>>> print(open('structure07.cif').read())   # mmCIF, C-alpha atoms and all ligand atoms
data_run
loop_
_atom_site.label_atom_id
_atom_site.label_comp_id
_atom_site.auth_asym_id
_atom_site.auth_seq_id
_atom_site.Cartn_x
_atom_site.Cartn_y
_atom_site.Cartn_z
CA MET A 141 -20.27 2.14 -23.23
CA LYS A 142 -22.61 5.09 -23.57
CA LEU A 143 -25.79 5.46 -21.52
CA THR A 144 -28.73 6.66 -23.57
CA THR A 145 -31.84 8.61 -22.55
CA ASP A 146 -33.80 5.40 -23.13
CA HIS A 147 -31.66 3.50 -20.63
CA ILE A 148 -32.21 6.21 -18.03
CA GLN A 149 -35.95 6.52 -18.65
CA GLN A 150 -36.30 2.79 -18.38
CA SER A 151 -34.54 2.86 -15.01
CA ASN A 152 -36.85 5.65 -13.82
CA THR A 153 -40.12 3.84 -14.60
CA LYS A 154 -40.15 1.72 -11.45
CA LEU A 155 -39.31 4.61 -9.14
CA LYS A 156 -41.48 7.31 -10.66
CA LYS A 157 -44.66 6.87 -8.61
CA GLU A 158 -42.97 6.75 -5.22
CA HIS A 159 -40.72 9.65 -6.18
CA GLN A 160 -43.71 11.77 -7.18
CA ARG A 161 -45.41 11.11 -3.85
CA LYS A 162 -42.31 12.15 -1.87
CA PHE A 163 -41.69 15.17 -4.06
CA ASP A 164 -45.28 16.47 -3.83
CA PHE A 165 -45.16 16.20 -0.05
CA LEU A 166 -41.86 18.12 0.17
CA ALA A 167 -42.85 20.71 -2.43
CA GLU A 168 -46.00 21.51 -0.49
CA SER A 169 -44.17 22.01 2.77
CA LEU A 170 -41.47 24.16 1.12
CA ASP A 171 -44.18 26.20 -0.53
CA GLN A 172 -45.79 26.76 2.85
CA ARG A 173 -42.44 28.01 4.11
CA GLY A 174 -42.57 30.67 1.40
CA LEU A 175 -39.94 29.04 -0.83
CA ASP A 176 -40.17 29.06 -4.62
CA VAL A 177 -39.78 25.37 -5.51
CA SER A 178 -39.11 25.85 -9.23
CA GLU A 179 -36.42 28.42 -8.47
CA LEU A 180 -34.79 25.94 -6.07
CA ILE A 181 -34.92 23.21 -8.70
CA GLN A 182 -33.30 25.49 -11.27
CA LYS A 183 -30.44 26.33 -8.90
CA ILE A 184 -29.86 22.67 -8.11
CA LYS A 185 -29.84 21.82 -11.84
CA ASP A 186 -27.31 24.55 -12.54
CA LEU A 187 -24.69 23.34 -10.06
CA GLN A 188 -22.15 21.33 -12.06
CA ILE A 189 -19.18 19.68 -10.40
CA ALA A 190 -16.04 18.60 -12.25
CA ILE A 191 -14.75 15.05 -11.86
CA PRO A 192 -11.00 14.55 -11.35
CA SER A 193 -9.55 12.07 -13.81
CA TRP A 194 -7.55 10.48 -11.01
CA ALA A 195 -10.68 9.47 -9.06
CA LEU A 196 -12.02 7.17 -11.77
CA GLY A 197 -9.83 4.26 -10.78
CA ALA A 198 -9.52 2.78 -7.30
CA GLY A 199 -7.37 5.03 -5.13
CA GLY A 200 -4.52 3.57 -3.21
CA THR A 201 -2.93 4.13 0.15
CA ARG A 202 0.80 3.93 0.66
CA PHE A 203 0.24 0.36 1.82
CA GLY A 204 -1.28 -0.87 -1.38
CA ARG A 205 -3.79 -0.48 -4.09
CA PHE A 206 -6.59 -2.88 -4.85
CA SER A 207 -7.59 -2.16 -8.41
CA GLY A 208 -11.20 -2.63 -9.40
CA ALA A 209 -12.20 -4.30 -12.62
CA GLY A 210 -12.83 -2.45 -15.87
CA GLU A 211 -10.94 0.64 -14.74
CA PRO A 212 -10.30 3.35 -17.35
CA ALA A 213 -6.84 2.70 -18.79
CA THR A 214 -6.80 5.60 -21.23
CA LEU A 215 -7.91 9.22 -21.38
CA ILE A 216 -10.72 8.17 -23.71
CA HIS A 217 -11.95 5.68 -21.11
CA LYS A 218 -11.82 8.38 -18.42
CA ILE A 219 -13.92 10.74 -20.51
CA GLN A 220 -16.38 7.92 -21.18
CA ASP A 221 -16.63 7.29 -17.43
CA VAL A 222 -17.39 10.96 -16.73
CA GLY A 223 -19.95 10.79 -19.55
CA ILE A 224 -21.62 7.88 -17.71
CA LEU A 225 -21.76 9.86 -14.47
CA HIS A 226 -23.17 12.89 -16.27
CA ALA A 227 -25.80 10.84 -18.08
CA LEU A 228 -26.94 9.47 -14.71
CA ASN A 229 -26.92 12.63 -12.60
CA LYS A 230 -26.74 15.51 -15.09
CA SER A 231 -24.38 17.21 -12.65
CA ASN A 232 -20.86 16.50 -13.90
CA ASN A 233 -20.37 18.27 -17.20
CA ALA A 234 -16.56 18.53 -16.96
CA VAL A 235 -13.42 16.57 -16.20
CA SER A 236 -10.31 17.90 -14.47
CA LEU A 237 -7.17 16.44 -16.05
CA HIS A 238 -3.82 15.73 -14.42
CA ILE A 239 -0.74 16.16 -16.60
CA PRO A 240 1.35 14.21 -17.59
CA TRP A 241 -0.93 11.26 -16.73
CA ASP A 242 -3.66 12.52 -19.05
CA THR A 243 -1.68 14.20 -21.81
CA PRO A 244 -3.75 13.79 -25.01
CA GLN A 245 -2.18 12.31 -28.13
CA ASP A 246 -4.82 13.53 -30.54
CA TYR A 247 -6.52 16.70 -29.28
CA GLU A 248 -9.25 16.82 -31.89
CA ALA A 249 -10.26 13.21 -31.25
CA ILE A 250 -10.34 13.79 -27.49
CA LYS A 251 -12.45 16.93 -27.85
CA GLN A 252 -14.85 15.11 -30.14
CA ILE A 253 -15.31 12.21 -27.73
CA ALA A 254 -15.85 14.66 -24.88
CA ASP A 255 -18.36 16.58 -26.97
CA GLU A 256 -20.31 13.43 -27.73
CA VAL A 257 -20.89 12.83 -24.02
CA GLN A 258 -21.33 16.58 -23.30
CA ILE A 259 -18.19 16.87 -21.22
CA GLY A 260 -15.94 19.94 -21.07
CA PHE A 261 -12.49 20.43 -19.54
CA ASP A 262 -12.20 22.07 -16.15
CA ALA A 263 -8.96 23.07 -14.40
CA VAL A 264 -5.80 21.30 -15.56
CA ASN A 265 -3.49 20.06 -12.79
CA SER A 266 0.29 20.06 -12.97
CA ASN A 267 2.40 17.37 -11.33
CA THR A 268 5.75 18.29 -9.84
CA PHE A 269 5.47 15.85 -6.96
CA GLN A 270 6.77 12.88 -8.97
CA ASP A 271 9.72 12.41 -11.29
CA GLN A 272 8.82 11.20 -14.76
CA ALA A 273 10.92 8.66 -16.70
CA GLY A 274 14.03 10.28 -18.15
CA GLN A 275 13.55 13.56 -16.28
CA LEU A 276 16.81 15.51 -16.13
CA GLN A 277 16.38 17.03 -12.67
CA SER A 278 14.69 15.45 -9.65
CA TYR A 279 11.87 16.86 -7.53
CA LYS A 280 13.04 14.85 -4.53
CA TYR A 281 13.92 18.02 -2.61
CA GLY A 282 11.15 20.16 -4.01
CA SER A 283 10.04 21.69 -7.28
CA LEU A 284 8.96 25.34 -7.44
CA ALA A 285 10.58 25.88 -4.02
CA ASN A 286 13.78 23.97 -4.73
CA SER A 287 17.03 25.73 -3.82
CA GLU A 288 18.44 24.79 -7.27
CA GLN A 289 17.50 27.09 -10.11
CA ALA A 290 17.65 24.26 -12.70
CA VAL A 291 15.01 22.26 -10.82
CA ARG A 292 12.79 25.31 -10.40
CA ASP A 293 13.11 26.04 -14.12
CA LEU A 294 12.03 22.52 -15.00
CA ALA A 295 8.98 22.75 -12.72
CA VAL A 296 8.06 26.17 -14.13
CA GLN A 297 8.40 24.83 -17.65
CA HIS A 298 6.15 21.88 -16.82
CA ASN A 299 3.43 24.21 -15.53
CA LYS A 300 3.69 26.30 -18.70
CA GLU A 301 3.26 23.16 -20.78
CA VAL A 302 0.20 22.25 -18.73
CA ILE A 303 -1.29 25.66 -19.56
CA GLU A 304 -0.63 25.02 -23.27
CA ILE A 305 -2.36 21.64 -23.06
CA GLY A 306 -5.31 23.21 -21.23
CA LYS A 307 -5.58 25.93 -23.88
CA LYS A 308 -5.94 23.34 -26.62
CA LEU A 309 -8.76 21.63 -24.71
CA GLY A 310 -10.66 24.73 -23.62
CA SER A 311 -9.73 24.68 -19.91
CA LYS A 312 -9.80 27.98 -18.08
CA ALA A 313 -7.77 27.27 -14.96
CA LEU A 314 -4.49 25.81 -13.75
CA THR A 315 -4.44 24.13 -10.35
CA VAL A 316 -1.09 24.07 -8.61
CA TRP A 317 -0.65 21.71 -5.70
CA LEU A 318 2.90 21.46 -4.40
CA ALA A 319 4.35 18.71 -2.28
CA ASP A 320 7.32 21.01 -1.55
CA GLY A 321 8.43 21.22 2.03
CA ALA A 322 10.80 19.70 4.55
CA SER A 323 10.56 16.61 6.70
CA PHE A 324 13.14 17.75 9.24
CA PRO A 325 13.90 21.05 10.96
CA GLY A 326 16.92 22.64 9.35
CA GLN A 327 16.44 20.74 6.07
CA HIS A 328 15.91 23.95 4.15
CA SER A 329 15.46 27.66 4.69
CA LEU A 330 11.78 28.31 5.37
CA ARG A 331 12.05 31.85 4.05
CA LYS A 332 13.96 30.96 0.89
CA ALA A 333 11.56 28.12 0.10
CA LEU A 334 8.63 30.55 0.21
CA GLN A 335 10.47 33.19 -1.81
CA ASN A 336 11.47 30.63 -4.46
CA THR A 337 7.89 29.41 -4.67
CA TYR A 338 6.62 32.92 -5.16
CA SER A 339 9.10 33.76 -7.92
CA SER A 340 8.45 30.43 -9.69
CA LEU A 341 4.69 31.05 -9.53
CA GLN A 342 5.27 34.55 -10.93
CA GLU A 343 6.99 32.98 -13.94
CA ILE A 344 4.03 30.66 -14.51
CA TYR A 345 1.53 33.46 -13.94
CA LYS A 346 3.12 35.42 -16.81
CA ASP A 347 1.94 32.69 -19.19
CA LEU A 348 -1.59 32.51 -17.83
CA PRO A 349 -4.13 33.66 -20.45
CA GLU A 350 -6.28 36.66 -19.57
CA ASP A 351 -9.43 34.62 -19.04
CA TRP A 352 -7.75 31.94 -16.91
CA LYS A 353 -7.47 31.48 -13.15
CA MET A 354 -4.51 30.14 -11.23
CA LEU A 355 -5.77 28.07 -8.31
CA VAL A 356 -3.23 27.78 -5.51
CA GLU A 357 -3.92 24.78 -3.30
CA TYR A 358 -2.65 24.50 0.28
CA LYS A 359 -2.08 21.51 2.53
CA PRO A 360 -0.61 21.34 6.04
CA TYR A 361 1.48 18.18 5.75
CA GLU A 362 2.18 15.06 3.69
CA PRO A 363 4.37 14.05 1.93
CA ASN A 364 6.54 16.36 4.04
CA PHE A 365 6.02 16.02 7.76
CA TYR A 366 7.82 18.98 9.30
CA SER A 367 6.81 21.86 7.06
CA THR A 368 4.97 22.38 3.78
CA VAL A 369 5.72 25.56 1.87
CA ILE A 370 2.09 26.37 1.07
CA GLN A 371 0.78 24.99 4.32
CA ASP A 372 -2.44 26.91 4.92
CA TRP A 373 -5.03 29.26 3.43
CA GLY A 374 -3.07 32.25 4.73
CA THR A 375 0.02 31.31 2.72
CA SER A 376 -2.05 30.57 -0.37
CA PHE A 377 -3.96 33.83 0.04
CA LEU A 378 -0.73 35.79 0.45
CA LEU A 379 0.71 34.27 -2.73
CA ALA A 380 -2.54 34.79 -4.67
CA ASN A 381 -2.67 38.41 -3.56
CA LYS A 382 0.91 39.05 -4.58
CA LEU A 383 0.54 37.24 -7.90
CA GLY A 384 -2.40 39.29 -9.12
CA PRO A 385 -6.08 39.29 -10.00
CA LYS A 386 -6.06 35.95 -11.82
CA ALA A 387 -4.71 34.00 -8.82
CA PHE A 388 -7.01 32.51 -6.19
CA THR A 389 -6.98 30.18 -3.23
CA LEU A 390 -8.33 26.67 -3.73
CA VAL A 391 -9.89 25.02 -0.68
CA ASP A 392 -9.50 21.25 -0.55
CA LEU A 393 -11.67 20.15 2.36
CA GLY A 394 -9.16 17.49 3.42
CA HIS A 395 -6.24 19.90 3.65
CA HIS A 396 -6.77 21.20 7.18
CA LEU A 397 -5.65 20.21 10.63
CA PRO A 398 -8.43 18.54 12.64
CA ASN A 399 -11.33 20.78 13.72
CA THR A 400 -10.33 23.73 11.56
CA ASN A 401 -13.31 25.97 10.90
CA ILE A 402 -13.38 25.64 7.10
CA GLU A 403 -16.57 27.64 6.65
CA GLN A 404 -14.88 30.59 8.29
CA ILE A 405 -11.95 30.32 5.86
CA VAL A 406 -14.48 30.28 3.01
CA ALA A 407 -16.21 33.37 4.39
CA THR A 408 -12.93 35.26 4.77
CA LEU A 409 -11.68 34.37 1.29
CA MET A 410 -15.00 35.36 -0.28
CA THR A 411 -14.96 38.68 1.52
CA GLU A 412 -11.53 39.31 -0.01
CA LYS A 413 -12.71 38.08 -3.48
CA LYS A 414 -9.98 35.45 -3.44
CA LEU A 415 -11.89 32.20 -3.20
CA GLY A 416 -11.11 30.29 -6.41
CA GLY A 417 -12.79 26.95 -5.93
CA PHE A 418 -13.04 23.67 -4.11
CA HIS A 419 -11.76 20.17 -4.01
CA PHE A 420 -14.58 18.37 -2.23
CA ASN A 421 -13.97 15.26 -0.17
CA ASP A 422 -14.37 14.25 3.47
CA SER A 423 -12.04 13.12 6.21
CA LYS A 424 -11.83 12.02 9.80
CA TYR A 425 -8.14 12.53 10.48
CA GLY A 426 -6.12 14.00 7.61
CA ASP A 427 -6.22 14.15 3.83
CA ASP A 428 -8.36 11.01 3.79
CA ASP A 429 -10.09 11.75 0.46
CA LEU A 430 -13.26 9.96 1.58
CA THR A 431 -16.65 10.29 -0.07
CA VAL A 432 -18.01 13.82 0.29
CA GLY A 433 -20.47 14.07 3.17
CA SER A 434 -19.62 10.64 4.58
CA ILE A 435 -18.08 11.93 7.83
CA LYS A 436 -19.04 15.56 8.44
CA PRO A 437 -22.19 16.44 6.50
CA TYR A 438 -23.05 19.35 8.83
CA GLN A 439 -19.71 20.99 8.05
CA LEU A 440 -20.47 20.68 4.36
CA PHE A 441 -23.85 22.30 4.90
CA LEU A 442 -22.24 25.17 6.84
CA ILE A 443 -19.75 25.72 4.02
CA PHE A 444 -22.62 25.96 1.52
CA HIS A 445 -24.45 28.32 3.84
CA GLU A 446 -21.44 30.68 3.78
CA LEU A 447 -21.21 30.32 0.00
CA ILE A 448 -24.84 31.24 -0.53
CA ARG A 449 -24.53 34.32 1.65
CA GLY A 450 -21.25 35.13 -0.09
CA PHE A 451 -22.80 34.86 -3.55
CA ASP A 452 -25.30 37.54 -2.53
CA GLU A 453 -23.09 39.77 -0.47
CA THR A 454 -19.59 39.69 -1.99
CA GLU A 455 -18.06 40.23 -5.40
CA ASN A 456 -16.15 36.97 -5.41
CA PRO A 457 -15.91 35.69 -9.03
CA PRO A 458 -17.59 32.39 -10.05
CA LEU A 459 -16.04 29.34 -8.41
CA SER A 460 -14.46 26.16 -9.78
CA TRP A 461 -16.32 23.19 -8.32
CA MET A 462 -14.30 20.01 -8.25
CA ILE A 463 -14.20 16.74 -6.37
CA ASP A 464 -10.92 15.37 -5.08
CA ALA A 465 -11.86 12.08 -3.49
CA SER A 466 -10.68 8.67 -4.47
CA HIS A 467 -11.32 5.52 -2.66
CA ASN A 468 -9.79 2.21 -2.02
CA LEU A 469 -12.86 0.09 -1.33
CA LYS A 470 -15.85 1.18 -3.37
CA ASP A 471 -16.51 1.14 -7.09
CA PRO A 472 -15.10 4.58 -7.99
CA LEU A 473 -18.10 5.52 -10.12
CA GLU A 474 -20.54 4.69 -7.31
CA ASP A 475 -18.33 6.61 -4.90
CA LEU A 476 -18.40 9.67 -7.16
CA LEU A 477 -22.17 9.46 -7.57
CA GLN A 478 -22.48 9.51 -3.78
CA SER A 479 -20.09 12.47 -3.52
CA VAL A 480 -21.99 14.51 -6.08
CA GLU A 481 -25.27 13.75 -4.37
CA ALA A 482 -23.85 14.84 -1.00
CA ILE A 483 -22.65 18.15 -2.48
CA LYS A 484 -26.02 18.86 -4.01
CA ILE A 485 -27.90 17.87 -0.85
CA SER A 486 -25.85 20.34 1.19
CA TYR A 487 -26.37 23.03 -1.41
CA ALA A 488 -30.13 22.44 -1.50
CA GLN A 489 -30.36 22.46 2.32
CA ALA A 490 -28.40 25.71 2.48
CA LEU A 491 -30.78 27.25 -0.06
CA LEU A 492 -33.59 26.65 2.45
CA VAL A 493 -32.07 28.80 5.20
CA ASP A 494 -34.38 31.66 6.07
CA GLN A 495 -31.76 34.38 5.56
CA LYS A 496 -33.95 37.24 6.77
CA ALA A 497 -34.91 35.46 9.98
CA LEU A 498 -31.28 34.52 10.53
CA GLU A 499 -30.11 38.07 10.08
CA SER A 500 -32.64 39.40 12.55
CA ALA A 501 -31.74 36.66 15.07
CA GLN A 502 -28.10 37.64 14.64
CA GLU A 503 -28.86 41.30 15.11
CA SER A 504 -30.90 40.71 18.26
CA HIS A 505 -28.30 38.24 19.59
CA ASP A 506 -30.89 35.49 19.73
CA VAL A 507 -28.40 32.64 19.66
CA THR A 508 -31.00 29.92 20.17
CA ALA A 509 -33.11 31.11 17.26
CA ALA A 510 -30.05 31.45 15.01
CA GLN A 511 -29.05 27.85 15.66
CA ASP A 512 -32.62 26.64 15.11
CA ILE A 513 -32.89 28.44 11.78
CA LEU A 514 -29.76 26.76 10.44
CA GLN A 515 -30.66 23.35 11.80
CA ASP A 516 -34.20 23.57 10.54
CA ALA A 517 -32.80 23.80 7.00
CA TYR A 518 -30.13 21.15 7.63
CA ARG A 519 -32.65 18.68 9.00
CA THR A 520 -34.93 18.91 5.98
CA ASP A 521 -34.80 15.82 3.79
CA VAL A 522 -34.22 17.45 0.41
CA ARG A 523 -33.50 14.26 -1.53
CA PRO A 524 -36.82 14.35 -3.45
CA LEU A 525 -35.99 17.91 -4.56
CA LEU A 526 -32.65 16.75 -5.86
CA ALA A 527 -34.13 13.71 -7.59
CA GLU A 528 -36.72 15.94 -9.24
CA ALA A 529 -34.07 18.38 -10.51
CA ILE A 530 -32.10 15.49 -11.99
CA ARG A 531 -35.21 13.80 -13.42
CA GLN A 532 -36.28 17.04 -15.11
CA SER A 533 -32.79 17.32 -16.64
CA GLY A 534 -33.13 13.82 -18.11
CA GLY A 535 -31.12 11.98 -15.44
CA ALA A 536 -31.89 9.09 -13.11
CA ILE A 537 -34.18 9.41 -10.09
CA SER A 538 -31.70 7.22 -8.24
CA ALA A 539 -28.29 7.25 -9.90
CA ILE A 540 -26.80 4.34 -7.99
CA ASP A 541 -29.89 2.23 -8.56
CA ALA A 542 -29.73 2.93 -12.28
CA TYR A 543 -25.98 2.27 -12.39
CA ARG A 544 -26.51 -1.12 -10.81
CA ASN A 545 -29.67 -2.09 -12.68
CA LEU A 546 -28.17 -1.16 -16.02
CA ASN A 547 -25.10 -3.29 -15.19
CA VAL A 548 -22.75 -0.47 -16.09
CA ARG A 549 -19.67 -1.90 -14.41
CA GLU A 550 -20.29 -5.32 -15.94
CA GLN A 551 -20.46 -3.71 -19.38
CA LEU A 552 -17.23 -1.82 -18.77
CA ILE A 553 -15.49 -5.01 -17.69
CA LYS A 554 -16.68 -6.68 -20.88
CA GLU A 555 -15.36 -3.84 -23.00
CA ARG A 556 -12.10 -3.16 -21.16
CA GLY A 557 -11.27 -6.45 -19.55
CA LYS A 558 -11.00 -7.39 -15.90
CA SER A 559 -7.45 -6.21 -15.38
CA SER A 560 -7.70 -2.77 -17.02
CA LYS A 561 -6.04 -0.28 -14.64
CA ALA A 562 -6.20 3.48 -14.25
CA SER A 563 -3.04 5.59 -14.02
CA GLY A 564 -2.85 8.16 -11.29
CA LEU A 565 -2.53 8.56 -7.55
C1 LIG B 1 -2.45 15.49 -2.72
O1 LIG B 1 -2.78 15.87 -1.43
C2 LIG B 1 -3.62 15.76 -3.60
O2 LIG B 1 -4.67 15.00 -3.02
C3 LIG B 1 -4.00 17.23 -3.70
O3 LIG B 1 -5.20 17.43 -3.01
C4 LIG B 1 -4.16 17.48 -5.16
O4 LIG B 1 -5.24 18.30 -5.46
C5 LIG B 1 -4.35 16.08 -5.69
O5 LIG B 1 -3.48 15.31 -4.89
C6 LIG B 1 -4.00 15.93 -7.13
O6 LIG B 1 -2.70 16.40 -7.38
MN MN B 2 -6.82 18.51 -3.84
MN MN B 3 -5.13 15.97 -1.13
#
>>> encode(input="structure07.cif", output="structure tokens")
Amino acid sequence: MKLTTDHIQQSNTKLKKEHQRKFDFLAESLDQRGLDVSELIQKIKDLQIAIPSWALGAGGTRFGRFSGAGEPATLIHKIQDVGILHALNKSNNAVSLHIPWDTPQDYEAIKQIADEVQIGFDAVNSNTFQDQAGQLQSYKYGSLANSEQAVRDLAVQHNKEVIEIGKKLGSKALTVWLADGASFPGQHSLRKALQNTYSSLQEIYKDLPEDWKMLVEYKPYEPNFYSTVIQDWGTSFLLANKLGPKAFTLVDLGHHLPNTNIEQIVATLMTEKKLGGFHFNDSKYGDDDLTVGSIKPYQLFLIFHELIRGFDETENPPLSWMIDASHNLKDPLEDLLQSVEAIKISYAQALLVDQKALESAQESHDVTAAQDILQDAYRTDVRPLLAEAIRQSGGAISAIDAYRNLNVREQLIKERGKSSKASGL
């Protein structure tokens, strides 16, 4: 199924009047605060967030997976799904593929289908946390960190193949997330595991094209519960620094121990020009992969606040914006629409912060004023601004409303069948 401009316009008709009223009211108050509304709208339009292929089907937990109906069973279906999201919100112009799950058969056909729905290819992800059928060596005791050279070689080779696949599609980044670690003290040498990881990454880095980034993801625990080789931003940063100018740290919001100050990590990485990008999601306890903004929206706002200051004040290169959320209960496409909206809301709110006033409050140690300035922006309902940016780009005033009214899922079920299932996590 392909959503057309007509479909979207038709879904906007009912909402247009009420939207206009809310937007005019907000625009006037922003204008009075000295903000340039059309500049804000342009910035909101420009923010594009890549959709991970593995989030398009219902996510599972280790206790089970309850597949939804009409899930994308093929790469073509996945691209079509991202095309649907992009038609609705004009904010997801790329997909992030996971290899081998998404290895294309016919590259030209895939590129053409993606082109038709105006979708490009963001970072490609390697997978050395699972064994594939017929694989000669096992990743059970680690991949890039494994104590056995033959296993490391296989994992390095896989990452090189992923780069080759990405090159054919027009990707510009490789994301490496490693499950490598130990579940028991003494299981492996902590120092050797790190050294092996570094030398394996060096091998992969050699094959990275000049205009590519290597995004090194970190995570404190799971699937290993005693130690993870790349456990935190410090380890990722250290590896990225040693690897060279094309390597960066990737911040997945769910990959921190509770109460970690993520915005501070973002600020530090930006200062060092080593922030590569994000995997957005939300969590209460661990790597919960919940809808972005569903649990800690203020944290998300504070991250965007650091990013906006960082864009102005540091020389950090452009970021890769990706979602990494997948859920067990909701329709995955609705879930993703909510995540994208939450990201853009936080971005828009952070754009409202009176930076000059904040700086002078900081300089005069006026803590009360500093807090008020941030919260004044955070407490502004920017949803009409967002809706206007999307409407002007040709998208839906309310994406979820349009998705439901246009019976998108029902159409997909008709086309793909009730029991069509996505591959992935
Ligand atoms: C596993 O924790 C994980 O969620 C990482 O965040 C990766 O980015 C993702 O899977 C895909 O490999
Ligand atoms: Mn991730
Ligand atoms: Mn994760």
>>> residues_near_ligand(input="structure07.cif", ligand="ligand LIG 1 (chain B)", cutoff="8 Å", atoms="all atoms listed in the file", output="PyMOL selection string")
chain A and resi 194+238+265-267+315-317+319+357+359+362+392+394-395+419+427+429+464-465+565
>>> residues_around(input="structure07.cif", residues="range 414-416 of chain A", least_positions_apart="5", cutoff="6 Å", atoms="all atoms listed in the file", output="list in words")
Phe388, Thr389, Leu390, Leu409 and Leu459 of chain A
>>> closest_atom_pairs(input="structure07.cif", of="range 353-464 of chain A", to="range 472-480 of chain A", cutoff="10 Å", atoms="only C-alpha atoms", output="CSV")
residue,atom,partner,partner_atom,distance
A:Phe420,CA,A:Ser479,CA,8.2
A:Asn421,CA,A:Ser479,CA,7.5
A:Asp422,CA,A:Ser479,CA,9.2
A:Leu430,CA,A:Asp475,CA,8.9
A:Thr431,CA,A:Ser479,CA,5.3
A:Val432,CA,A:Ser479,CA,4.5
A:Gly433,CA,A:Ser479,CA,6.9
A:Ser434,CA,A:Ser479,CA,8.3
A:Met462,CA,A:Val480,CA,9.7
A:Ile463,CA,A:Ser479,CA,7.8
A:Asp464,CA,A:Leu476,CA,9.6
>>> residues_near_point(input="structure07.cif", point="(0.6, 37.5, -4.1)", cutoff="12 Å", atoms="all atoms listed in the file", output="ChimeraX atom specification")
/A:334-335,337-342,345,354,356,374-389,414
>>> residues_around(input="structure07.cif", residues="range 179-190 of chain A", least_positions_apart="2", cutoff="9 Å", atoms="all atoms listed in the file", output="ChimeraX atom specification")
/A:175-177,192,222,230-236,260-263,460-463,480,483-485,487-488,491-492,525-526,528-530,532-533
>>> closest_residue(input="structure07.cif", among="A:Ile370, A:Phe444, A:Lys470, A:Glu158", to="Val406 in chain A", atoms="only C-alpha atoms")
A:Phe444
>>> residues_around(input="structure07.cif", residues="Ala562 in chain A", least_positions_apart="6", cutoff="6 Å", atoms="all atoms listed in the file", output="PyMOL selection string")
chain A and resi 197+211-213
>>> write_last_selection(input="structure07.cif", atoms="C-alpha atoms", output="compact mmCIF listing (two decimals), in the coordinates of the input")
# COMPACT_ATOMS: atom_id res chain seq x y z
CA GLY A 197 -9.83 4.26 -10.78
CA GLU A 211 -10.94 0.64 -14.74
CA PRO A 212 -10.30 3.35 -17.35
CA ALA A 213 -6.84 2.70 -18.79
>>> closest_residue(input="structure07.cif", among="A:Ala333, A:Ile148, A:Ile303, A:Ala195", to="ligand MN 2 (chain B)", atoms="only C-alpha atoms and all ligand atoms")
A:Ala195
>>> residues_around(input="structure07.cif", residues="Pro240 in chain A", least_positions_apart="2", cutoff="12 Å", atoms="all atoms listed in the file", output="list in words")
Ser193, Trp194, Leu215, Leu237, His238, Asp242, Thr243, Pro244, Gln245, Val264, Asn265, Ser266, Asn267, Thr268, Phe269, Gln270, Asp271, Gln272, Ala273, His298, Asn299, Glu301, Val302, Ile303, Ile305, Gly306, Ser563 and Gly564 of chain A
>>> closest_residue(input="structure07.cif", among="A:Gly557, A:Pro363, A:Gly310, A:Pro458", to="ligand MN 3 (chain B)", atoms="only C-alpha atoms and all ligand atoms")
A:Pro363
>>> residues_around(input="structure07.cif", residues="Leu330 in chain A", least_positions_apart="3", cutoff="12 Å", atoms="all atoms listed in the file", output="VMD selection string")
chain A and resid 285 to 287 320 to 327 333 to 337 366 to 371
>>> closest_residue(input="structure07.cif", among="A:Asp428, A:Glu256, A:Asp521, A:Glu168", to="ligand MN 3 (chain B)", atoms="all atoms listed in the file")
A:Asp428
>>> closest_residue(input="structure07.cif", among="A:Ala290, A:Leu155, A:Ala510, A:Met410", to="Ala542 in chain A", atoms="only C-alpha atoms")
A:Leu155
>>> atom_distance(input="structure07.cif", atom1="CA of Ala209 in chain A", atom2="CA of Ser560 in chain A")
6.5 Å
>>> closest_residue(input="structure07.cif", among="A:Thr153, A:Ser504, A:Ser466, A:Ser278", to="ligand MN 3 (chain B)", atoms="all atoms listed in the file")
A:Ser466
